[in-house]
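Listing of work-v8.csv; format and content: CSV, C-alpha atoms and all ligand atoms.
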```
chain,number,residue,atom,x,y,z
D,197,MET,CA,-33.8,7.2,1.2
D,198,THR,CA,-34.6,3.7,0.0
D,199,ASP,CA,-35.9,0.5,1.5
D,200,LYS,CA,-33.1,-1.4,0.0
D,201,PHE,CA,-30.1,-2.3,2.1
D,202,THR,CA,-27.7,0.6,1.7
D,203,VAL,CA,-24.0,0.3,1.8
D,204,GLY,CA,-21.5,3.1,1.9
D,205,VAL,CA,-18.0,2.9,0.4
D,206,LEU,CA,-15.0,5.0,1.0
D,207,THR,CA,-11.3,5.1,0.3
D,208,SER,CA,-9.0,6.3,3.0
D,209,GLY,CA,-5.3,6.9,3.7
D,210,GLY,CA,-2.7,7.0,1.0
D,211,ASP,CA,-4.2,6.2,-2.4
D,212,ALA,CA,-3.2,2.9,-4.1
D,213,PRO,CA,-3.6,1.8,-7.7
D,214,GLY,CA,-6.6,-0.5,-7.9
D,215,MET,CA,-8.7,1.4,-5.4
D,216,ASN,CA,-11.0,2.4,-8.3
D,217,ALA,CA,-11.3,-1.2,-9.5
D,218,ALA,CA,-12.4,-2.1,-5.9
D,219,ILE,CA,-15.0,0.8,-5.9
D,220,ARG,CA,-16.3,-0.4,-9.2
D,221,ALA,CA,-16.6,-4.0,-8.0
D,222,VAL,CA,-18.4,-2.9,-4.8
D,223,ALA,CA,-20.9,-0.8,-6.7
D,224,ARG,CA,-21.6,-3.5,-9.3
D,225,ALA,CA,-21.7,-6.5,-6.9
D,226,ALA,CA,-24.0,-4.5,-4.7
D,227,GLN,CA,-26.4,-3.9,-7.5
D,228,ALA,CA,-26.3,-7.6,-8.3
D,229,ASN,CA,-27.2,-8.3,-4.7
D,230,ASN,CA,-30.1,-5.8,-4.8
D,231,MET,CA,-28.3,-3.3,-2.6
D,232,ASN,CA,-28.1,0.5,-2.9
D,233,VAL,CA,-24.6,2.1,-2.8
D,234,LEU,CA,-23.6,5.5,-1.5
D,235,GLY,CA,-20.1,6.7,-2.4
D,236,VAL,CA,-18.5,8.7,0.4
D,237,ALA,CA,-16.1,11.4,-0.8
D,238,HIS,CA,-12.8,12.2,1.0
D,239,GLY,CA,-12.6,9.1,3.2
D,240,PHE,CA,-13.6,9.4,6.9
D,241,GLU,CA,-13.5,13.2,6.7
D,242,GLY,CA,-16.4,13.0,4.2
D,243,LEU,CA,-18.2,10.5,6.4
D,244,ILE,CA,-18.2,13.1,9.2
D,245,ASN,CA,-19.3,15.8,6.7
D,246,GLY,CA,-22.0,13.6,5.1
D,247,GLU,CA,-20.4,13.9,1.7
D,248,PHE,CA,-22.5,11.1,0.1
D,249,LYS,CA,-23.6,10.5,-3.4
D,250,GLN,CA,-25.6,7.7,-5.1
D,251,MET,CA,-23.3,5.2,-6.9
D,252,GLY,CA,-24.9,3.1,-9.5
D,253,ALA,CA,-23.4,0.7,-12.0
D,254,ARG,CA,-23.0,3.4,-14.6
D,255,ASP,CA,-21.4,5.8,-12.2
D,256,VAL,CA,-18.4,3.5,-12.0
D,257,GLY,CA,-17.9,3.0,-15.7
D,258,GLY,CA,-14.5,3.7,-17.2
D,259,ILE,CA,-12.6,3.7,-13.8
D,260,LEU,CA,-11.3,0.1,-13.7
D,261,GLN,CA,-8.0,1.1,-15.3
D,262,ARG,CA,-7.5,4.4,-13.6
D,263,GLY,CA,-5.0,5.0,-10.7
D,264,GLY,CA,-5.8,7.1,-7.7
D,265,THR,CA,-9.3,7.1,-6.3
D,266,VAL,CA,-12.4,8.7,-7.8
D,267,LEU,CA,-13.9,9.0,-4.3
D,268,TRP,CA,-10.8,11.0,-3.2
D,269,THR,CA,-9.1,10.2,0.1
D,270,SER,CA,-7.9,11.8,3.3
D,271,ARG,CA,-6.1,11.0,6.5
D,272,SER,CA,-8.7,12.3,8.9
D,273,LYS,CA,-7.5,13.5,12.3
D,274,ARG,CA,-11.1,14.3,13.4
D,275,PHE,CA,-12.2,10.8,12.9
D,276,GLN,CA,-9.6,9.5,15.4
D,277,GLU,CA,-11.5,11.4,18.1
D,278,PRO,CA,-14.7,10.0,19.6
D,279,GLY,CA,-16.6,13.2,18.7
D,280,GLY,CA,-15.7,12.7,15.0
D,281,GLN,CA,-16.8,9.1,15.0
D,282,ARG,CA,-20.1,10.1,16.7
D,283,GLU,CA,-20.7,12.7,14.0
D,284,ALA,CA,-20.0,10.2,11.3
D,285,ILE,CA,-22.4,7.7,12.7
D,286,ARG,CA,-25.1,10.4,12.9
D,287,LYS,CA,-24.5,11.2,9.3
D,288,MET,CA,-24.7,7.6,8.3
D,289,ASN,CA,-28.0,7.1,10.2
D,290,GLU,CA,-29.5,10.2,8.6
D,291,ALA,CA,-28.6,8.9,5.1
D,292,GLY,CA,-30.0,5.4,6.0
D,293,MET,CA,-26.6,3.8,5.5
D,294,ASP,CA,-26.8,0.2,6.8
D,295,ALA,CA,-23.2,-0.8,6.3
D,296,LEU,CA,-19.8,0.6,5.3
D,297,ILE,CA,-17.0,-0.8,3.2
D,298,VAL,CA,-13.6,0.8,3.9
D,299,ILE,CA,-10.9,0.6,1.3
D,300,GLY,CA,-7.5,1.5,2.6
D,301,GLY,CA,-4.4,0.7,4.7
D,302,GLU,CA,-3.5,-0.1,8.3
D,303,GLY,CA,-4.9,3.2,9.7
D,304,SER,CA,-8.1,2.8,7.7
D,305,MET,CA,-8.7,-0.6,9.2
D,306,ASN,CA,-8.4,1.0,12.6
D,307,GLY,CA,-11.1,3.4,11.7
D,308,ALA,CA,-13.3,0.5,10.4
D,309,LEU,CA,-12.8,-1.4,13.7
D,310,ALA,CA,-13.7,1.7,15.7
D,311,LEU,CA,-17.1,2.0,13.8
D,312,SER,CA,-17.7,-1.7,14.1
D,313,LYS,CA,-17.3,-1.6,17.8
D,314,GLN,CA,-20.0,1.0,17.9
D,315,GLY,CA,-22.5,-1.3,16.1
D,316,ILE,CA,-21.9,-0.3,12.5
D,317,LYS,CA,-21.7,-3.2,10.0
D,318,THR,CA,-18.2,-2.7,8.6
D,319,ILE,CA,-16.0,-4.5,6.1
D,320,GLY,CA,-12.4,-3.6,5.2
D,321,ILE,CA,-10.7,-4.1,1.9
D,322,PRO,CA,-6.8,-3.8,2.2
D,323,ALA,CA,-5.3,-1.3,-0.2
D,324,SER,CA,-1.8,0.1,0.3
D,325,ILE,CA,1.4,0.1,-1.7
D,326,ASP,CA,3.3,-0.6,1.6
D,327,ASN,CA,1.9,-4.1,2.0
D,328,ASP,CA,2.0,-3.7,5.7
D,329,ILE,CA,-1.5,-4.9,6.6
D,330,TYR,CA,-1.8,-8.1,8.6
D,331,GLY,CA,-4.2,-10.7,7.4
D,332,THR,CA,-3.6,-10.7,3.6
D,333,ASN,CA,-0.7,-12.0,1.6
D,334,ILE,CA,-0.8,-8.8,-0.5
D,335,ALA,CA,-2.8,-5.6,-0.5
D,336,ILE,CA,-4.3,-3.8,-3.5
D,337,GLY,CA,-1.8,-1.5,-5.1
D,338,THR,CA,1.4,-3.2,-4.0
D,339,ASP,CA,1.9,-5.1,-7.2
D,340,THR,CA,1.6,-1.9,-9.3
D,341,ALA,CA,4.0,-0.1,-7.0
D,342,MET,CA,6.5,-2.9,-7.4
D,343,ASN,CA,6.2,-2.8,-11.1
D,344,THR,CA,6.7,1.0,-11.1
D,345,ILE,CA,9.8,0.6,-8.9
D,346,MET,CA,11.1,-2.2,-11.1
D,347,ASP,CA,10.7,0.0,-14.2
D,348,ALA,CA,12.5,2.9,-12.5
D,349,VAL,CA,15.4,0.9,-11.2
D,350,ASP,CA,15.9,-0.8,-14.6
D,351,LYS,CA,16.2,2.6,-16.1
D,352,LEU,CA,18.6,3.8,-13.4
D,353,ARG,CA,20.7,0.7,-13.9
D,354,ASP,CA,21.2,1.6,-17.5
D,355,THR,CA,22.8,4.9,-16.7
D,356,ALA,CA,24.6,3.5,-13.6
D,357,SER,CA,26.3,0.9,-15.7
D,358,SER,CA,27.3,3.4,-18.4
D,359,HIS,CA,29.1,5.5,-15.8
D,360,GLN,CA,30.2,2.8,-13.4
D,361,ARG,CA,28.3,4.4,-10.5
D,362,ALA,CA,26.7,3.2,-7.3
D,363,PHE,CA,23.0,4.3,-7.2
D,364,LEU,CA,21.1,4.7,-4.0
D,365,ILE,CA,17.4,4.4,-4.6
D,366,GLU,CA,14.9,5.2,-1.9
D,367,THR,CA,11.6,3.4,-1.9
D,368,MET,CA,8.4,4.2,0.1
D,369,GLY,CA,6.8,1.9,2.7
D,370,ARG,CA,6.7,4.0,5.9
D,371,ASN,CA,7.8,1.6,8.7
D,372,SER,CA,7.8,-1.4,6.4
D,373,GLY,CA,10.7,-2.7,4.4
D,374,TYR,CA,8.5,-4.8,2.1
D,375,LEU,CA,8.8,-2.7,-1.1
D,376,ALA,CA,12.6,-2.3,-0.6
D,377,VAL,CA,13.2,-6.1,0.0
D,378,MET,CA,11.1,-7.1,-3.0
D,379,ALA,CA,12.7,-4.4,-5.2
D,380,GLY,CA,16.1,-5.8,-4.0
D,381,VAL,CA,15.2,-9.3,-5.4
D,382,ILE,CA,13.5,-8.3,-8.6
D,383,CYS,CA,15.9,-5.5,-9.5
D,384,GLY,CA,19.2,-7.2,-8.5
D,385,ALA,CA,20.3,-4.9,-5.7
D,386,GLU,CA,23.6,-5.4,-3.9
D,387,ILE,CA,22.0,-4.7,-0.6
D,388,VAL,CA,18.7,-3.4,0.9
D,389,LEU,CA,18.4,-1.3,4.0
D,390,ILE,CA,15.1,-1.6,5.9
D,391,PRO,CA,13.5,-0.4,9.1
D,392,GLU,CA,13.2,-4.0,10.4
D,393,THR,CA,17.0,-4.4,10.8
D,394,PRO,CA,19.6,-1.8,12.0
D,395,VAL,CA,21.8,-0.5,9.2
D,396,VAL,CA,25.4,-1.5,9.6
D,397,ARG,CA,27.3,1.2,7.7
D,398,GLU,CA,30.5,-0.8,7.5
D,399,GLU,CA,28.6,-3.6,5.8
D,400,VAL,CA,27.1,-1.2,3.3
D,401,ALA,CA,30.6,0.2,2.5
D,402,ALA,CA,32.2,-3.3,2.3
D,403,THR,CA,29.4,-4.5,-0.1
D,404,VAL,CA,29.9,-1.5,-2.4
D,405,GLU,CA,33.6,-1.9,-2.5
D,406,ASP,CA,33.4,-5.6,-3.0
D,407,ALA,CA,31.1,-5.2,-5.9
D,408,TYR,CA,33.6,-2.8,-7.5
D,409,LYS,CA,36.5,-5.2,-6.9
D,410,ARG,CA,34.6,-8.1,-8.5
D,411,GLY,CA,34.3,-6.0,-11.6
D,412,LYS,CA,30.7,-5.0,-11.5
D,413,THR,CA,29.8,-2.1,-13.6
D,414,HIS,CA,27.3,-0.7,-11.1
D,415,ALA,CA,26.0,-1.2,-7.6
D,416,ILE,CA,22.3,-0.7,-6.7
D,417,ILE,CA,21.5,0.0,-3.1
D,418,ILE,CA,17.8,0.1,-2.1
D,419,ASN,CA,17.1,2.2,1.0
D,420,ALA,CA,13.6,2.0,2.5
D,421,GLU,CA,12.3,5.4,3.6
D,422,GLY,CA,11.9,4.1,7.1
D,423,SER,CA,15.4,2.7,7.5
D,424,ASP,CA,17.7,4.3,10.2
D,425,ILE,CA,19.8,6.2,7.6
D,426,SER,CA,18.6,8.9,5.2
D,427,THR,CA,19.4,8.4,1.6
D,428,PRO,CA,21.4,11.7,1.3
D,429,ASP,CA,23.4,10.8,4.3
D,430,LEU,CA,24.1,7.4,2.8
D,431,ALA,CA,25.1,8.9,-0.5
D,432,GLN,CA,27.5,11.3,1.2
D,433,MET,CA,29.0,8.5,3.3
D,434,ILE,CA,29.7,6.3,0.2
D,435,ASP,CA,31.1,9.2,-1.7
D,436,GLU,CA,33.4,10.3,1.1
D,437,MET,CA,34.7,6.7,1.6
D,438,ASP,CA,35.9,6.5,-2.0
D,439,LEU,CA,34.9,2.9,-2.6
D,440,GLY,CA,35.5,2.8,-6.4
D,441,PHE,CA,32.1,3.8,-7.7
D,442,LYS,CA,31.0,7.4,-7.8
D,443,THR,CA,27.6,7.9,-6.3
D,444,ARG,CA,24.2,9.2,-7.3
D,445,MET,CA,20.9,9.0,-5.5
D,446,THR,CA,17.2,8.9,-6.5
D,447,ILE,CA,14.3,9.2,-4.2
D,448,LEU,CA,11.4,7.6,-6.1
D,449,GLY,CA,8.7,9.3,-3.9
D,450,HIS,CA,5.1,9.5,-4.9
D,451,ILE,CA,5.6,8.2,-8.4
D,452,GLN,CA,5.2,4.8,-6.6
D,453,ARG,CA,1.6,5.6,-5.7
D,454,GLY,CA,0.3,6.5,-9.1
D,455,GLY,CA,-0.4,4.8,-12.4
D,456,SER,CA,-2.8,2.4,-14.0
D,457,PRO,CA,-3.2,-0.8,-11.9
D,458,THR,CA,-1.5,-3.9,-13.1
D,459,ALA,CA,-3.6,-6.9,-14.2
D,460,TYR,CA,-2.9,-8.5,-10.8
D,461,ASP,CA,-4.2,-5.5,-8.9
D,462,ARG,CA,-7.3,-5.2,-11.1
D,463,LEU,CA,-8.1,-8.8,-10.4
D,464,LEU,CA,-7.4,-8.7,-6.7
D,465,ALA,CA,-9.4,-5.5,-6.3
D,466,SER,CA,-12.3,-7.0,-8.3
D,467,ARG,CA,-12.3,-10.2,-6.2
D,468,MET,CA,-12.1,-8.4,-2.9
D,469,GLY,CA,-14.8,-5.9,-3.8
D,470,VAL,CA,-17.2,-8.7,-4.8
D,471,ARG,CA,-16.3,-10.7,-1.6
D,472,ALA,CA,-16.9,-7.7,0.6
D,473,VAL,CA,-20.4,-7.3,-0.7
D,474,GLU,CA,-21.0,-11.0,-0.5
D,475,ALA,CA,-20.0,-10.9,3.2
D,476,LEU,CA,-22.7,-8.3,3.9
D,477,ALA,CA,-25.2,-10.3,1.9
D,478,GLU,CA,-24.4,-13.3,4.1
D,479,GLY,CA,-24.7,-11.3,7.3
D,480,THR,CA,-20.9,-11.2,7.9
D,481,HIS,CA,-19.2,-8.0,9.1
D,482,SER,CA,-16.4,-6.7,11.3
D,483,VAL,CA,-14.0,-8.4,8.9
D,484,MET,CA,-11.4,-7.5,6.2
D,485,THR,CA,-11.1,-9.4,3.0
D,486,GLY,CA,-7.7,-11.1,2.8
D,487,LEU,CA,-5.8,-13.1,0.2
D,488,LYS,CA,-4.9,-16.5,1.8
D,489,GLY,CA,-3.3,-19.0,-0.6
D,490,LYS,CA,-5.3,-18.6,-3.8
D,491,GLY,CA,-8.6,-17.6,-2.1
D,492,VAL,CA,-10.1,-14.4,-0.8
D,493,ASP,CA,-11.1,-15.1,2.8
D,494,PHE,CA,-12.2,-13.0,5.8
D,495,VAL,CA,-10.1,-12.1,8.7
D,496,SER,CA,-11.6,-10.3,11.7
D,497,LEU,CA,-10.8,-6.5,11.9
D,498,GLU,CA,-9.8,-7.1,15.5
D,499,GLU,CA,-7.1,-9.6,14.4
D,500,VAL,CA,-5.9,-7.2,11.6
D,501,VAL,CA,-5.5,-4.3,13.9
D,502,GLY,CA,-3.9,-6.3,16.7
D,503,ASN,CA,-1.1,-7.7,14.6
D,504,LYS,CA,1.8,-6.5,12.6
D,505,ARG,CA,2.6,-7.9,9.2
D,506,GLN,CA,6.2,-9.1,9.1
D,507,VAL,CA,8.5,-8.7,6.1
D,508,SER,CA,9.9,-12.0,4.9
D,509,MET,CA,13.5,-12.2,6.0
D,510,GLU,CA,13.9,-15.0,3.4
D,511,TYR,CA,13.7,-12.5,0.6
D,512,TYR,CA,16.0,-10.1,2.5
D,513,HIS,CA,18.7,-12.8,2.6
D,514,MET,CA,17.9,-13.8,-1.0
D,515,VAL,CA,19.1,-10.3,-2.1
D,516,LYS,CA,22.5,-11.1,-0.6
D,517,THR,CA,22.7,-14.6,-2.1
D,518,LEU,CA,21.9,-13.3,-5.6
D,519,ALA,CA,24.2,-10.3,-5.5
D,520,ARG,CA,27.3,-12.0,-6.8
D,601,LIG,O1,1.1,4.5,3.0
D,601,LIG,C1,1.5,4.9,1.7
D,601,LIG,C2,2.6,5.9,1.7
D,601,LIG,O2,2.9,6.2,0.4
D,601,LIG,C3,3.9,5.5,2.5
D,601,LIG,O3,4.7,4.6,1.8
D,601,LIG,C4,4.5,6.9,2.7
D,601,LIG,O4,5.3,6.8,3.9
D,601,LIG,C5,3.3,7.7,3.0
D,601,LIG,O5,2.2,7.1,2.4
D,601,LIG,C6,3.4,9.1,2.4
D,601,LIG,O6,2.3,9.8,2.7
D,601,LIG,P1,1.9,11.3,2.1
D,601,LIG,O7,1.3,11.0,0.8
D,601,LIG,O8,1.0,11.8,3.1
D,601,LIG,O9,3.2,12.0,2.0
```
Will you turn the file into structure tokens for me?
Amino acid sequence: MTDKFTVGVLTSGGDAPGMNAAIRAVARAAQANNMNVLGVAHGFEGLINGEFKQMGARDVGGILQRGGTVLWTSRSKRFQEPGGQREAIRKMNEAGMDALIVIGGEGSMNGALALSKQGIKTIGIPASIDNDIYGTNIAIGTDTAMNTIMDAVDKLRDTASSHQRAFLIETMGRNSGYLAVMAGVICGAEIVLIPETPVVREEVAATVEDAYKRGKTHAIIINAEGSDISTPDLAQMIDEMDLGFKTRMTILGHIQRGGSPTAYDRLLASRMGVRAVEALAEGTHSVMTGLKGKGVDFVSLEEVVGNKRQVSMEYYHMVKTLAR
């Protein structure tokens, strides 16, 4: 125990590239503000179990460029129950933890809000490849995931063109079509299928056939994992309809979650980590750091949890405009 203000930091939910950069920023900004830091292992699960370790400036050396999270992560069912939260608060009190910084996605912000409602000074930092968190233009990890998708689709396009094939590529994103829509624009897809709009099978078929008739050497179709048609079903449908192109499919899967964070994600994570600590130093809490315009601002956790981030339909339509 120490007399210094002690802040805990944890990562929770699906890992996202740049989480380590955020952990490092929190640890070092805290030291600069004369605070003590306890790293919490395994997310909220570790909070319940009291898995805490001192995290000084040297302990976070060499992690800025690493994907994943050195604190490990979890999706804790126990923490969703009042009993789990009570146990976690007890462990925090025993360790003399005065505040907690939660780095994670939508579900993690729910957890942060639950603690904040019980009197714990809590700050959220949005990190998720899905970019489905309200209150920030972009979350940590999304840019890296988009670059990973772009690299994969570029490679798939090479082979698609060589064989005149239609490629169905499935992106992650849970209930959000953000990654699929953005991939559609930056990778030149014919069409994207997302959870936010019903999939019209006839439209997909017409788009593929039209691309063939216009002399295209390939057709790229991006299917978000949450859309209302599975990628294998879609592949079978296009094959059976005999639309000109032969079909292949690739489910990108967890490759989208790994890898060294891009320059953008390192910068965003560093800025948000520093701002989170500054918030505590200023006496602000129950907020999440959010990128608004060019600045990192604060948005109340209540607002974050109470709203749904919408996918830009402007980009969705842009895919169609550009697929000529
Ligand atoms: O939230 C990040 C995410 O990668 C989603 O895109 C995906 O639906 C989910 O996590 C996969 O979770 P898991 O790693 O538990 O399979």
Which residue, D:Leu309, D:Arg370, D:Gly301, D:Ala415, has the smallest gap to Thr355 (chain D) when you use only C-alpha atoms?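 Closest to Thr355 (chain D), using only C-alpha atoms: D:Ala415.
Taking only C-alpha atoms and all ligand atoms into account, the residues that come within 8 Å of ligand LIG 601 (chain D) are Gly209, Gly210, Asp211, Ala212, Arg271, Gly301, Ser324, Ile325, Asp326, Thr367, Met368, Gly369, Arg370, Asn371, Glu421, Gly422, Gly449, His450, Gln452 and Arg453 of chain D.
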Write the selection just made, keeping C-alpha atoms, as a CSV table (one decimal), keeping the file's coordinate frame?
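Result file part_5.csv:
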```
chain,number,residue,atom,x,y,z
D,209,GLY,CA,-5.3,6.9,3.7
D,210,GLY,CA,-2.7,7.0,1.0
D,211,ASP,CA,-4.2,6.2,-2.4
D,212,ALA,CA,-3.2,2.9,-4.1
D,271,ARG,CA,-6.1,11.0,6.5
D,301,GLY,CA,-4.4,0.7,4.7
D,324,SER,CA,-1.8,0.1,0.3
D,325,ILE,CA,1.4,0.1,-1.7
D,326,ASP,CA,3.3,-0.6,1.6
D,367,THR,CA,11.6,3.4,-1.9
D,368,MET,CA,8.4,4.2,0.1
D,369,GLY,CA,6.8,1.9,2.7
D,370,ARG,CA,6.7,4.0,5.9
D,371,ASN,CA,7.8,1.6,8.7
D,421,GLU,CA,12.3,5.4,3.6
D,422,GLY,CA,11.9,4.1,7.1
D,449,GLY,CA,8.7,9.3,-3.9
D,450,HIS,CA,5.1,9.5,-4.9
D,452,GLN,CA,5.2,4.8,-6.6
D,453,ARG,CA,1.6,5.6,-5.7
```
Figure out the distance between CA of Gly292 (chain D) and CA of Asn229 (chain D), please, to one decimal in Å.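 CA of Asn229 (chain D) sits 17.6 Å away from CA of Gly292 (chain D).
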Find the spatial neighbours of region 433-441 of chain D, counting only C-alpha atoms, within a cut-off of 9 Å - ignore same-chain residues fewer than 6 positions away - and output them as JSON, numbers by chain. {"D": [359, 360, 361, 362, 397, 400, 401, 402, 404, 405, 406, 408, 409, 413, 414, 415]}
Find the residues near Arg462 (chain D): any atom within 8 Å, counting only C-alpha atoms, skip ones fewer than 5 places away on the same chain, and give them as a list of chain:residue names. D:Gly214, D:Ala217, D:Ala218, D:Leu260, D:Gln261, D:Pro457
With 9 Å as the threshold, what does the neighbourhood of (16.3, -2.2, -0.4) contain in terms of residues, counting all atoms listed in the file? Coordinates are those of the file; answer as a short mmCIF file (atom, residue, chain, number, x, y, z; two decimals) with C-alpha atoms, in the coordinates of the input.
```
data_model
loop_
_atom_site.label_atom_id
_atom_site.label_comp_id
_atom_site.auth_asym_id
_atom_site.auth_seq_id
_atom_site.Cartn_x
_atom_site.Cartn_y
_atom_site.Cartn_z
CA ILE D 365 17.40 4.40 -4.60
CA GLU D 366 14.90 5.20 -1.90
CA THR D 367 11.60 3.40 -1.90
CA GLY D 373 10.70 -2.70 4.40
CA TYR D 374 8.50 -4.80 2.10
CA LEU D 375 8.80 -2.70 -1.10
CA ALA D 376 12.60 -2.30 -0.60
CA VAL D 377 13.20 -6.10 0.00
CA MET D 378 11.10 -7.10 -3.00
CA ALA D 379 12.70 -4.40 -5.20
CA GLY D 380 16.10 -5.80 -4.00
CA VAL D 381 15.20 -9.30 -5.40
CA ALA D 385 20.30 -4.90 -5.70
CA GLU D 386 23.60 -5.40 -3.90
CA ILE D 387 22.00 -4.70 -0.60
CA VAL D 388 18.70 -3.40 0.90
CA LEU D 389 18.40 -1.30 4.00
CA ILE D 390 15.10 -1.60 5.90
CA ILE D 416 22.30 -0.70 -6.70
CA ILE D 417 21.50 0.00 -3.10
CA ILE D 418 17.80 0.10 -2.10
CA ASN D 419 17.10 2.20 1.00
CA ALA D 420 13.60 2.00 2.50
CA TYR D 512 16.00 -10.10 2.50
CA VAL D 515 19.10 -10.30 -2.10
#
```
What is the CA of Phe494 (chain D)-CA of Met305 (chain D) distance in Å, reported with one decimal?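 One can read the CA of Phe494 (chain D) to CA of Met305 (chain D) distance as 13.3 Å.
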One number please: CA of Val501 (chain D) to CA of Tyr330 (chain D), in Å, one decimal. 7.5 Å
So that I can check the surroundings of Lys351 (chain D), please list as a list in words every protein, DNA and RNA residue that reaches within 12 Å of it, counting all atoms listed in the file and ignoring chain neighbours fewer than 6 positions away. Thr344, Ile345, Ser357, Ser358, Phe363, Ile365, Cys383, Ile416 and Thr446 of chain D
Gly454 (chain D) environment, 7 Å, all atoms listed in the file, sequence neighbours closer than 5 positions dropped, as JSON, numbers by chain: {"D": [213, 263, 264]}
Which residues are close to Ile321 (chain D), i.e. within 6 Å by all atoms listed in the file, leaving aside same-chain residues fewer than 5 positions away? Reply as a VMD selection string. chain D and resid 299 484 to 485
From the set D:Arg254, D:Lys317, D:Arg520, D:Arg262, which residue has the shortest atom-to-atom contact distance to Ala475 (chain D), counting all atoms listed in the file? D:Lys317
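For the residues D:Asn503, D:Thr427, D:Thr443, D:Thr318, ranking by smallest atom-to-atom distance to Ile285 (chain D) using only C-alpha atoms places D:Thr318 first.
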Counting only C-alpha atoms, which of D:Ser372, D:Val470, D:Leu364, D:Glu399 gets nearest to Leu430 (chain D)?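 Checking each of D:Ser372, D:Val470, D:Leu364, D:Glu399 against Leu430 (chain D), counting only C-alpha atoms, the winner is D:Leu364.
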Any chance you could model N, CA and C atoms for region 353-367 of chain D and send them as a PDB file, keeping the file's coordinate frame?
```
ATOM      1  N   ARG D 353      19.569   1.588 -13.685  1.00  0.00           N
ATOM      2  CA  ARG D 353      20.700   0.700 -13.900  1.00  0.00           C
ATOM      3  C   ARG D 353      21.407   0.930 -15.188  1.00  0.00           C
ATOM      4  N   ASP D 354      20.638   1.251 -16.225  1.00  0.00           N
ATOM      5  CA  ASP D 354      21.200   1.600 -17.500  1.00  0.00           C
ATOM      6  C   ASP D 354      22.273   2.664 -17.405  1.00  0.00           C
ATOM      7  N   THR D 355      21.864   3.740 -16.759  1.00  0.00           N
ATOM      8  CA  THR D 355      22.800   4.900 -16.700  1.00  0.00           C
ATOM      9  C   THR D 355      23.873   4.595 -15.620  1.00  0.00           C
ATOM     10  N   ALA D 356      23.545   3.843 -14.575  1.00  0.00           N
ATOM     11  CA  ALA D 356      24.600   3.500 -13.600  1.00  0.00           C
ATOM     12  C   ALA D 356      25.690   2.704 -14.202  1.00  0.00           C
ATOM     13  N   SER D 357      25.329   1.731 -15.027  1.00  0.00           N
ATOM     14  CA  SER D 357      26.300   0.900 -15.700  1.00  0.00           C
ATOM     15  C   SER D 357      27.177   1.696 -16.655  1.00  0.00           C
ATOM     16  N   SER D 358      26.537   2.582 -17.387  1.00  0.00           N
ATOM     17  CA  SER D 358      27.300   3.400 -18.400  1.00  0.00           C
ATOM     18  C   SER D 358      28.365   4.209 -17.742  1.00  0.00           C
ATOM     19  N   HIS D 359      28.126   4.642 -16.501  1.00  0.00           N
ATOM     20  CA  HIS D 359      29.100   5.500 -15.800  1.00  0.00           C
ATOM     21  C   HIS D 359      29.847   4.846 -14.682  1.00  0.00           C
ATOM     22  N   GLN D 360      29.597   3.534 -14.518  1.00  0.00           N
ATOM     23  CA  GLN D 360      30.200   2.800 -13.400  1.00  0.00           C
ATOM     24  C   GLN D 360      29.920   3.546 -12.056  1.00  0.00           C
ATOM     25  N   ARG D 361      28.650   3.673 -11.757  1.00  0.00           N
ATOM     26  CA  ARG D 361      28.300   4.400 -10.500  1.00  0.00           C
ATOM     27  C   ARG D 361      27.504   3.472  -9.565  1.00  0.00           C
ATOM     28  N   ALA D 362      27.545   3.875  -8.313  1.00  0.00           N
ATOM     29  CA  ALA D 362      26.700   3.200  -7.300  1.00  0.00           C
ATOM     30  C   ALA D 362      25.434   4.128  -7.205  1.00  0.00           C
ATOM     31  N   PHE D 363      24.266   3.510  -7.317  1.00  0.00           N
ATOM     32  CA  PHE D 363      23.000   4.300  -7.200  1.00  0.00           C
ATOM     33  C   PHE D 363      22.284   3.907  -5.933  1.00  0.00           C
ATOM     34  N   LEU D 364      21.950   4.935  -5.181  1.00  0.00           N
ATOM     35  CA  LEU D 364      21.100   4.700  -4.000  1.00  0.00           C
ATOM     36  C   LEU D 364      19.713   5.094  -4.348  1.00  0.00           C
ATOM     37  N   ILE D 365      18.819   4.163  -4.155  1.00  0.00           N
ATOM     38  CA  ILE D 365      17.400   4.400  -4.600  1.00  0.00           C
ATOM     39  C   ILE D 365      16.520   4.217  -3.359  1.00  0.00           C
ATOM     40  N   GLU D 366      15.756   5.244  -3.086  1.00  0.00           N
ATOM     41  CA  GLU D 366      14.900   5.200  -1.900  1.00  0.00           C
ATOM     42  C   GLU D 366      13.457   4.807  -2.322  1.00  0.00           C
ATOM     43  N   THR D 367      12.948   3.784  -1.632  1.00  0.00           N
ATOM     44  CA  THR D 367      11.600   3.400  -1.900  1.00  0.00           C
ATOM     45  C   THR D 367      10.685   3.785  -0.701  1.00  0.00           C
TER      46      THR D 367
END
```
